[in-house]
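Peer 1: Provided herewith: run.tsv, TSV, C-alpha atoms.
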```tsv
chain	number	residue	atom	x	y	z
A	1	TYR	CA	26.62	-31.42	-4.45
A	2	ASP	CA	24.08	-33.43	-6.46
A	3	ILE	CA	26.60	-34.09	-9.23
A	4	GLY	CA	29.51	-34.72	-6.82
A	5	LEU	CA	31.53	-31.53	-7.43
A	6	VAL	CA	31.44	-30.32	-3.79
A	7	PRO	CA	31.52	-32.41	-0.60
A	8	THR	CA	28.65	-30.76	1.33
A	9	PRO	CA	25.04	-29.85	0.49
A	10	GLU	CA	24.14	-26.28	-0.41
A	11	PRO	CA	23.62	-24.02	2.65
A	12	TYR	CA	20.03	-23.19	1.72
A	13	GLN	CA	16.91	-25.04	0.56
A	14	LYS	CA	15.82	-22.59	-2.11
A	15	ARG	CA	17.56	-19.80	-3.99
A	16	THR	CA	15.56	-16.62	-4.30
A	17	ILE	CA	16.65	-13.86	-6.64
A	18	HIS	CA	15.55	-10.35	-5.72
A	19	GLY	CA	13.86	-8.14	-8.29
A	20	MET	CA	15.05	-4.85	-9.70
A	21	VAL	CA	14.04	-1.41	-8.47
A	22	LEU	CA	13.24	0.76	-11.48
A	23	GLY	CA	13.30	4.55	-11.54
A	24	GLU	CA	10.15	6.65	-11.52
A	25	GLY	CA	8.16	5.93	-14.65
A	26	GLY	CA	9.45	2.34	-14.85
A	27	VAL	CA	12.81	3.19	-16.46
A	28	LYS	CA	15.83	1.12	-15.39
A	29	MET	CA	18.01	3.04	-12.93
A	30	SER	CA	21.34	3.95	-14.42
A	31	LYS	CA	24.21	6.30	-13.59
A	32	SER	CA	24.34	7.37	-17.22
A	33	LEU	CA	20.66	8.37	-17.09
A	34	GLY	CA	21.20	10.12	-13.76
A	35	ASN	CA	18.16	8.49	-12.17
A	36	VAL	CA	19.87	6.47	-9.42
A	37	ILE	CA	18.44	6.92	-5.93
A	38	SER	CA	21.09	6.89	-3.19
A	39	PRO	CA	20.05	5.11	0.02
A	40	ASP	CA	22.38	7.44	1.93
A	41	ASP	CA	20.39	10.44	0.72
A	42	LEU	CA	17.14	8.73	1.71
A	43	VAL	CA	18.44	7.97	5.19
A	44	LYS	CA	19.44	11.63	5.61
A	45	GLU	CA	16.01	12.85	4.46
A	46	TYR	CA	13.65	10.21	5.90
A	47	GLY	CA	15.68	8.29	8.49
A	48	ALA	CA	16.89	4.70	8.46
A	49	ASP	CA	13.61	3.11	9.57
A	50	VAL	CA	11.44	4.86	6.98
A	51	THR	CA	13.96	4.03	4.26
A	52	ARG	CA	14.09	0.39	5.38
A	53	ALA	CA	10.30	0.10	5.63
A	54	TYR	CA	9.86	1.66	2.19
A	55	MET	CA	12.40	-0.71	0.65
A	56	MET	CA	10.46	-3.59	2.21
A	57	PHE	CA	7.06	-2.17	1.18
A	58	ILE	CA	7.93	-1.16	-2.38
A	59	GLY	CA	6.93	-4.53	-3.83
A	60	PRO	CA	7.52	-8.27	-3.79
A	61	TYR	CA	11.09	-9.30	-3.01
A	62	GLU	CA	11.49	-11.28	-6.22
A	63	GLY	CA	9.59	-8.86	-8.48
A	64	ASP	CA	10.59	-5.70	-10.30
A	65	THR	CA	9.15	-2.50	-8.83
A	66	SER	CA	9.13	1.17	-9.72
A	67	TRP	CA	10.45	3.80	-7.33
A	68	SER	CA	7.84	6.27	-6.07
A	69	SER	CA	8.62	9.41	-4.09
A	70	GLU	CA	4.93	9.64	-3.22
A	71	THR	CA	4.90	6.17	-1.66
A	72	ILE	CA	7.94	6.80	0.56
A	73	ASN	CA	6.13	9.84	1.94
A	74	GLY	CA	3.15	7.58	2.70
A	75	VAL	CA	5.43	5.17	4.56
A	76	LYS	CA	6.90	8.12	6.49
A	77	LYS	CA	3.40	9.19	7.56
A	78	PHE	CA	2.56	5.63	8.64
A	79	VAL	CA	5.76	5.30	10.70
A	80	SER	CA	5.01	8.59	12.48
A	81	LYS	CA	1.42	7.57	13.17
A	82	TYR	CA	2.41	4.09	14.41
A	83	TYR	CA	4.96	5.65	16.78
A	84	ALA	CA	2.36	8.01	18.27
A	85	PHE	CA	-0.19	5.17	18.34
A	86	ILE	CA	2.09	2.94	20.44
A	87	LEU	CA	2.91	5.70	22.92
A	88	ASP	CA	-0.76	6.69	23.21
A	89	LYS	CA	-1.89	3.08	23.75
A	90	TRP	CA	0.82	2.56	26.37
A	91	GLU	CA	-0.24	5.66	28.30
A	92	SER	CA	-3.97	4.90	28.07
A	93	ALA	CA	-3.60	1.14	28.55
A	94	GLY	CA	-6.53	-0.72	29.98
A	95	VAL	CA	-7.96	-4.07	29.01
A	96	SER	CA	-7.87	-5.48	25.48
A	97	GLY	CA	-11.19	-6.73	24.21
A	98	THR	CA	-11.56	-10.15	22.60
A	99	LYS	CA	-11.70	-8.56	19.14
A	100	GLU	CA	-8.42	-6.72	19.77
A	101	LYS	CA	-6.71	-9.83	21.18
A	102	GLN	CA	-7.80	-11.82	18.12
A	103	ALA	CA	-6.59	-9.05	15.80
A	104	ILE	CA	-3.16	-9.00	17.48
A	105	ALA	CA	-2.89	-12.81	17.26
A	106	HIS	CA	-3.72	-12.67	13.54
A	107	LEU	CA	-1.26	-9.80	13.05
A	108	ILE	CA	1.59	-11.65	14.79
A	109	ASN	CA	0.85	-14.77	12.76
A	110	ARG	CA	0.66	-12.83	9.49
A	111	VAL	CA	3.81	-10.75	10.07
A	112	GLU	CA	5.81	-13.80	11.12
A	113	SER	CA	4.78	-15.92	8.13
A	114	ASN	CA	5.29	-13.02	5.71
A	115	ILE	CA	8.81	-12.33	6.98
A	116	LEU	CA	9.75	-16.01	6.85
A	117	ASP	CA	8.38	-16.21	3.28
A	118	PHE	CA	10.28	-13.06	2.18
A	119	LYS	CA	6.96	-11.24	1.69
A	120	PHE	CA	8.20	-8.09	3.36
A	121	ASN	CA	5.77	-5.84	1.49
A	122	THR	CA	2.75	-7.70	2.87
A	123	SER	CA	4.31	-7.66	6.33
A	124	ILE	CA	4.37	-3.85	6.27
A	125	SER	CA	0.90	-3.82	4.71
A	126	ALA	CA	-0.42	-5.97	7.58
A	127	LEU	CA	0.87	-3.41	10.09
A	128	MET	CA	-0.77	-0.58	8.13
A	129	GLU	CA	-4.10	-2.43	7.93
A	130	PHE	CA	-4.01	-3.19	11.65
A	131	TYR	CA	-3.30	0.45	12.49
A	132	ASN	CA	-6.12	1.67	10.23
A	133	GLU	CA	-8.65	-0.67	11.81
A	134	TYR	CA	-7.59	-0.57	15.47
A	135	SER	CA	-6.05	2.87	16.04
A	136	LYS	CA	-9.07	3.89	18.14
A	137	SER	CA	-9.15	0.68	20.21
A	138	GLN	CA	-7.90	0.19	23.73
A	139	PHE	CA	-5.18	-2.34	24.54
A	140	ALA	CA	-3.59	-3.88	27.60
A	141	ARG	CA	0.09	-3.07	28.08
A	142	GLU	CA	1.08	-6.69	27.32
A	143	ASP	CA	-0.58	-6.31	23.92
A	144	VAL	CA	1.16	-2.98	23.27
A	145	GLU	CA	4.45	-4.77	24.00
A	146	LYS	CA	3.56	-7.32	21.32
A	147	LEU	CA	2.89	-4.49	18.86
A	148	ILE	CA	6.38	-3.13	19.55
A	149	LEU	CA	8.03	-6.56	19.24
A	150	ILE	CA	6.47	-7.40	15.87
A	151	VAL	CA	7.51	-4.11	14.32
A	152	ALA	CA	11.16	-4.56	15.40
A	153	PRO	CA	12.31	-6.45	12.26
A	154	SER	CA	10.90	-3.72	10.01
A	155	LEU	CA	11.50	-0.60	12.09
A	156	PRO	CA	14.38	-1.58	14.39
A	157	HIS	CA	15.41	1.86	15.63
A	158	MET	CA	11.87	2.98	16.34
A	159	ALA	CA	11.08	-0.29	18.12
A	160	GLU	CA	14.17	0.09	20.28
A	161	GLU	CA	13.19	3.64	21.25
A	162	LEU	CA	9.60	2.63	21.97
A	163	TRP	CA	10.82	-0.30	24.07
A	164	MET	CA	12.94	2.09	26.14
A	165	LEU	CA	10.23	4.77	26.41
A	166	THR	CA	7.77	2.18	27.71
A	167	GLY	CA	10.09	1.42	30.61
A	168	HIS	CA	11.87	-1.72	29.47
A	169	GLU	CA	15.51	-2.17	30.44
A	170	TYR	CA	16.85	-4.52	27.79
A	171	SER	CA	16.92	-4.24	24.03
A	172	VAL	CA	13.76	-5.07	22.14
A	173	HIS	CA	15.99	-7.17	19.88
A	174	MET	CA	16.91	-9.43	22.81
A	175	GLN	CA	13.26	-10.36	23.43
A	176	ALA	CA	11.51	-13.50	22.22
A	177	TRP	CA	9.05	-13.23	19.36
A	178	PRO	CA	5.52	-13.13	20.80
A	179	LYS	CA	3.77	-16.50	21.02
A	180	VAL	CA	0.44	-16.76	19.26
A	181	ASP	CA	-2.47	-18.15	21.18
A	182	THR	CA	-3.86	-20.36	18.40
A	183	SER	CA	-7.31	-20.39	20.01
A	184	LEU	CA	-7.53	-16.70	19.07
A	185	LEU	CA	-6.93	-17.48	15.39
A	186	ILE	CA	-10.25	-19.30	15.08
A	187	GLU	CA	-12.88	-17.04	13.53
```
The structure given in the file should be rewritten as structure tokens.
Peer 2:
Amino acid sequence: YDIGLVPTPEPYQKRTIHGMVLGEGGVKMSKSLGNVISPDDLVKEYGADVTRAYMMFIGPYEGDTSWSSETINGVKKFVSKYYAFILDKWESAGVSGTKEKQAIAHLINRVESNILDFKFNTSISALMEFYNEYSKSQFAREDVEKLILIVAPSLPHMAEELWMLTGHEYSVHMQAWPKVDTSLLIE
């Protein structure tokens, strides 16, 4: 467009090239080496959400990363724990404390900005950090709903099931992204 070869501007502001996933040990994946990991096999073994979350968590979008069977098992454990955490917090819902409300506001803000910046790995990491710090806390149901909504881009099937199990009629993917109360972001 800039040099007059096409009549309209490019459809995006910035081009981002994704990195390469290397085999275990940092060797380039190749059919001839027999070290290619099939996503179909991963989905069969771990499920679509765990596979998706691992692919997001493995490293920066634009950077090269090495495959790790140990790390995908860690993601699987986190997904299972987060699922149980949401159901437990829904059943034992009470009142969220100020600390918990602030933590959720920071989490929503962090996940949203990370997703928009293609920092998927830090988006998953934020969810893990939140779980580790607040798994013993009590939350109001409206805050548990927010915790389901913000995990939907990363774990869409699990979020949909949690949305249904918590008594909601419509798809979690038809809901608005939670609004952040900016007054809660002030330390």
Peer 1: Let me make sure I understand: among A:Asp181, A:Asp64, A:Glu100, A:Glu24, which one has the smallest atom-to-atom distance to Ser135 in chain A if we use only C-alpha atoms?
Peer 2: A:Glu100
Peer 1: Taking 5 positions as the minimum chain separation for residues in the same chain, which residues sit within 8 Å of Val75 in chain A when counting only C-alpha atoms? Answer as a ChimeraX atom specification.
Peer 2: /A:50,53-54
Peer 1: Give me, please, the distance in Å between CA of His18 in chain A and CA of Ile115 in chain A, quoted to one decimal.
Peer 2: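 CA of His18 in chain A sits 14.5 Å away from CA of Ile115 in chain A.
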Peer 1: With all atoms listed in the file as the basis for distance, which of A:Met56, A:Leu155, A:Ala48, A:Leu22 is at the shortest distance from Val36 in chain A?
Peer 2: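 Closest residue, counting all atoms listed in the file: A:Leu22.
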Peer 1: Excluding range 136-150 of chain A and its own-chain neighbours fewer than 4 positions away, which residues fall within 7 Å of it when counting only C-alpha atoms? Please give them as an MDAnalysis selection string.
Peer 2: chainID A and resid 86 89:90 93:96 108 159 163 172 177:178
Peer 1: Of the candidates A:Gly47, A:Lys99, A:Val180, A:Ser30, which one gets nearest to Val111 in chain A if we count all atoms listed in the file?
Peer 2: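 That would be A:Val180, the residue with the smallest distance to Val111 in chain A.
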Peer 1: Please determine an axis-aligned box that encloses all atoms of range 152-169 of chain A listed in the file, with 5 Å added on each side, and express its centre and edge lengths in Å to one decimal as AutoDock Vina command-line options.
Peer 2:
```
--center_x 11.6 --center_y -0.8 --center_z 20.3 --size_x 17.7 --size_y 21.2 --size_z 30.6
```
Peer 1: What is the CA of Met158 in chain A to CA of Tyr83 in chain A distance in Å?
Peer 2: 7.4 Å
Peer 1: Extract, using all atoms listed in the file, all DNA, RNA and protein residues at most 12 Å from Ser183 in chain A, discarding same-chain residues fewer than 5 positions from it, and format them as a list in words.
Peer 2: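 Selected residues are Thr98, Lys101, Gln102, Ala105 and His106 of chain A.
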Peer 1: Report, in Å to a single decimal, how far apart CA of Ser123 in chain A and CA of Gly23 in chain A are.
Peer 2: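 Interatomic distance, CA of Gly23 in chain A to CA of Ser123 in chain A: 23.4 Å.
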Peer 1: Between A:Leu184, A:Leu5, A:Met29, A:Met128, which has the minimum distance to Lys81 in chain A (counting all atoms listed in the file)?
Peer 2: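 Checking each candidate against Lys81 in chain A, we get A:Met128 as the closest.
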Peer 1: Using only C-alpha atoms, find the one residue out of A:Ala103, A:Phe118, A:Ile37, A:Tyr134 that sits nearest to Ser66 in chain A.
Peer 2: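 For Ser66 in chain A, the nearest of the given residues is A:Ile37.
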Peer 1: Given the choices A:Asp117, A:Glu169, A:Asp49, A:Glu112, which gets closest to Ile72 in chain A if the distance is worked out from all atoms listed in the file?
Peer 2: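 Ranking A:Asp117, A:Glu169, A:Asp49, A:Glu112 by distance to Ile72 in chain A, first place goes to A:Asp49.
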